[in-house]
Amino acid sequence: MSQVVRIQEDARDIALKYGPTISEGIRVMEHTLRRQKRTLDIEDIRAVIREELESFGRY
């Protein structure tokens with residue numbers, strides 16, 4: 001399905017940097033953002049280590 005929408009020229013240029021069409025560029029940007037959200041930060045790593053050390057203490 002297609003829709004006609006108005007976007008600013010700079011947004012079009014940004015989308016085209018990510019793919020050969022605006023639609024593909026938007027899909028690539030969304031995929032990139034989802035992948036970045038899945039990355040762990042230092043607090044996540046510390047929490048996992050802390051939980052594992054606590055579980056070792058129970059044995």
# chains A, B, ... in the order shown; residues from 1 in each chain; ligands from 1
>>> residues_around(residues="A:Ala15", least_positions_apart="6", cutoff="8 Å", atoms="only C-alpha atoms", output="VMD selection string")
chain A and resid 21 to 26 29
>>> write_last_selection(atoms="C-alpha atoms", output="PDB file, in the first residue's frame")
ATOM      1  CA  THR A  21      14.234   4.978  -1.729  1.00  0.00           C
ATOM      2  CA  ILE A  22      12.667   6.981   1.055  1.00  0.00           C
ATOM      3  CA  SER A  23      10.684   3.950   2.219  1.00  0.00           C
ATOM      4  CA  GLU A  24      13.750   1.725   2.344  1.00  0.00           C
ATOM      5  CA  GLY A  25      15.725   4.446   4.128  1.00  0.00           C
ATOM      6  CA  ILE A  26      13.038   4.717   6.811  1.00  0.00           C
ATOM      7  CA  MET A  29      16.670   3.691  10.186  1.00  0.00           C
TER       8      MET A  29
END
>>> select_by_dssp(residues="chain A", states="helix (DSSP H, G or I)", output="PyMOL selection string")
chain A and resi 9-18+22-37+42-57
>>> atom_distance(atom1="atom CA of A:Gln3", atom2="atom CA of A:Arg27")
15.4 Å
>>> residues_around(residues="A:Val28", least_positions_apart="4", cutoff="8 Å", atoms="only C-alpha atoms", output="MDAnalysis selection string")
chainID A and resid 18:19 24 32
>>> write_last_selection(atoms="N, CA and C atoms", output="PDB file, in the first residue's frame")
ATOM      1  N   TYR A  18      20.185   6.453   3.781  1.00  0.00           N
ATOM      2  CA  TYR A  18      20.088   5.116   4.353  1.00  0.00           C
ATOM      3  C   TYR A  18      19.600   4.064   3.374  1.00  0.00           C
ATOM      4  N   GLY A  19      19.031   4.477   2.258  1.00  0.00           N
ATOM      5  CA  GLY A  19      18.530   3.508   1.293  1.00  0.00           C
ATOM      6  C   GLY A  19      18.254   4.156  -0.052  1.00  0.00           C
ATOM      7  N   GLU A  24      12.678   2.622   1.900  1.00  0.00           N
ATOM      8  CA  GLU A  24      13.750   1.725   2.344  1.00  0.00           C
ATOM      9  C   GLU A  24      14.647   2.415   3.362  1.00  0.00           C
ATOM     10  N   THR A  32      17.944   0.056  12.562  1.00  0.00           N
ATOM     11  CA  THR A  32      19.131   0.518  13.281  1.00  0.00           C
ATOM     12  C   THR A  32      18.767   0.965  14.693  1.00  0.00           C
TER      13      THR A  32
END
>>> decode(residues="chain A", atoms="C-alpha atoms", output="CSV table (one decimal), in the first residue's frame")
chain,number,residue,atom,x,y,z
A,1,MET,CA,0.0,0.0,0.0
A,2,SER,CA,1.2,3.5,-0.8
A,3,GLN,CA,0.5,6.9,0.6
A,4,VAL,CA,1.4,10.3,-0.5
A,5,VAL,CA,2.8,12.4,2.3
A,6,ARG,CA,4.7,15.7,2.5
A,7,ILE,CA,8.1,15.7,4.2
A,8,GLN,CA,10.7,18.3,4.5
A,9,GLU,CA,13.5,18.2,1.9
A,10,ASP,CA,16.2,17.6,4.6
A,11,ALA,CA,14.2,14.7,5.9
A,12,ARG,CA,14.1,13.2,2.4
A,13,ASP,CA,17.8,13.7,2.0
A,14,ILE,CA,18.5,11.9,5.3
A,15,ALA,CA,16.2,9.0,4.4
A,16,LEU,CA,18.0,8.6,1.0
A,17,LYS,CA,21.3,8.4,2.8
A,18,TYR,CA,20.1,5.1,4.4
A,19,GLY,CA,18.5,3.5,1.3
A,20,PRO,CA,17.8,3.9,-2.4
A,21,THR,CA,14.2,5.0,-1.7
A,22,ILE,CA,12.7,7.0,1.1
A,23,SER,CA,10.7,4.0,2.2
A,24,GLU,CA,13.8,1.7,2.3
A,25,GLY,CA,15.7,4.4,4.1
A,26,ILE,CA,13.0,4.7,6.8
A,27,ARG,CA,13.0,0.9,7.3
A,28,VAL,CA,16.8,0.9,7.6
A,29,MET,CA,16.7,3.7,10.2
A,30,GLU,CA,14.0,1.9,12.2
A,31,HIS,CA,16.0,-1.4,12.1
A,32,THR,CA,19.1,0.5,13.3
A,33,LEU,CA,17.3,2.2,16.2
A,34,ARG,CA,15.8,-1.2,17.3
A,35,ARG,CA,19.2,-2.8,17.2
A,36,GLN,CA,20.7,0.1,19.3
A,37,LYS,CA,18.0,-0.3,21.9
A,38,ARG,CA,18.9,-3.9,22.4
A,39,THR,CA,22.5,-3.1,23.3
A,40,LEU,CA,23.4,-3.3,27.0
A,41,ASP,CA,24.7,-0.4,28.9
A,42,ILE,CA,27.2,-0.6,31.8
A,43,GLU,CA,24.4,-0.7,34.4
A,44,ASP,CA,22.8,-3.7,32.8
A,45,ILE,CA,26.1,-5.5,32.9
A,46,ARG,CA,26.6,-4.6,36.5
A,47,ALA,CA,23.2,-5.9,37.4
A,48,VAL,CA,23.8,-9.2,35.8
A,49,ILE,CA,27.2,-9.6,37.5
A,50,ARG,CA,25.6,-8.7,40.8
A,51,GLU,CA,22.8,-11.2,40.4
A,52,GLU,CA,25.3,-14.0,39.5
A,53,LEU,CA,27.5,-13.2,42.4
A,54,GLU,CA,24.6,-13.3,44.8
A,55,SER,CA,23.4,-16.6,43.4
A,56,PHE,CA,26.9,-18.1,44.0
A,57,GLY,CA,26.7,-16.9,47.6
A,58,ARG,CA,23.6,-19.0,48.2
A,59,TYR,CA,25.3,-22.3,47.4
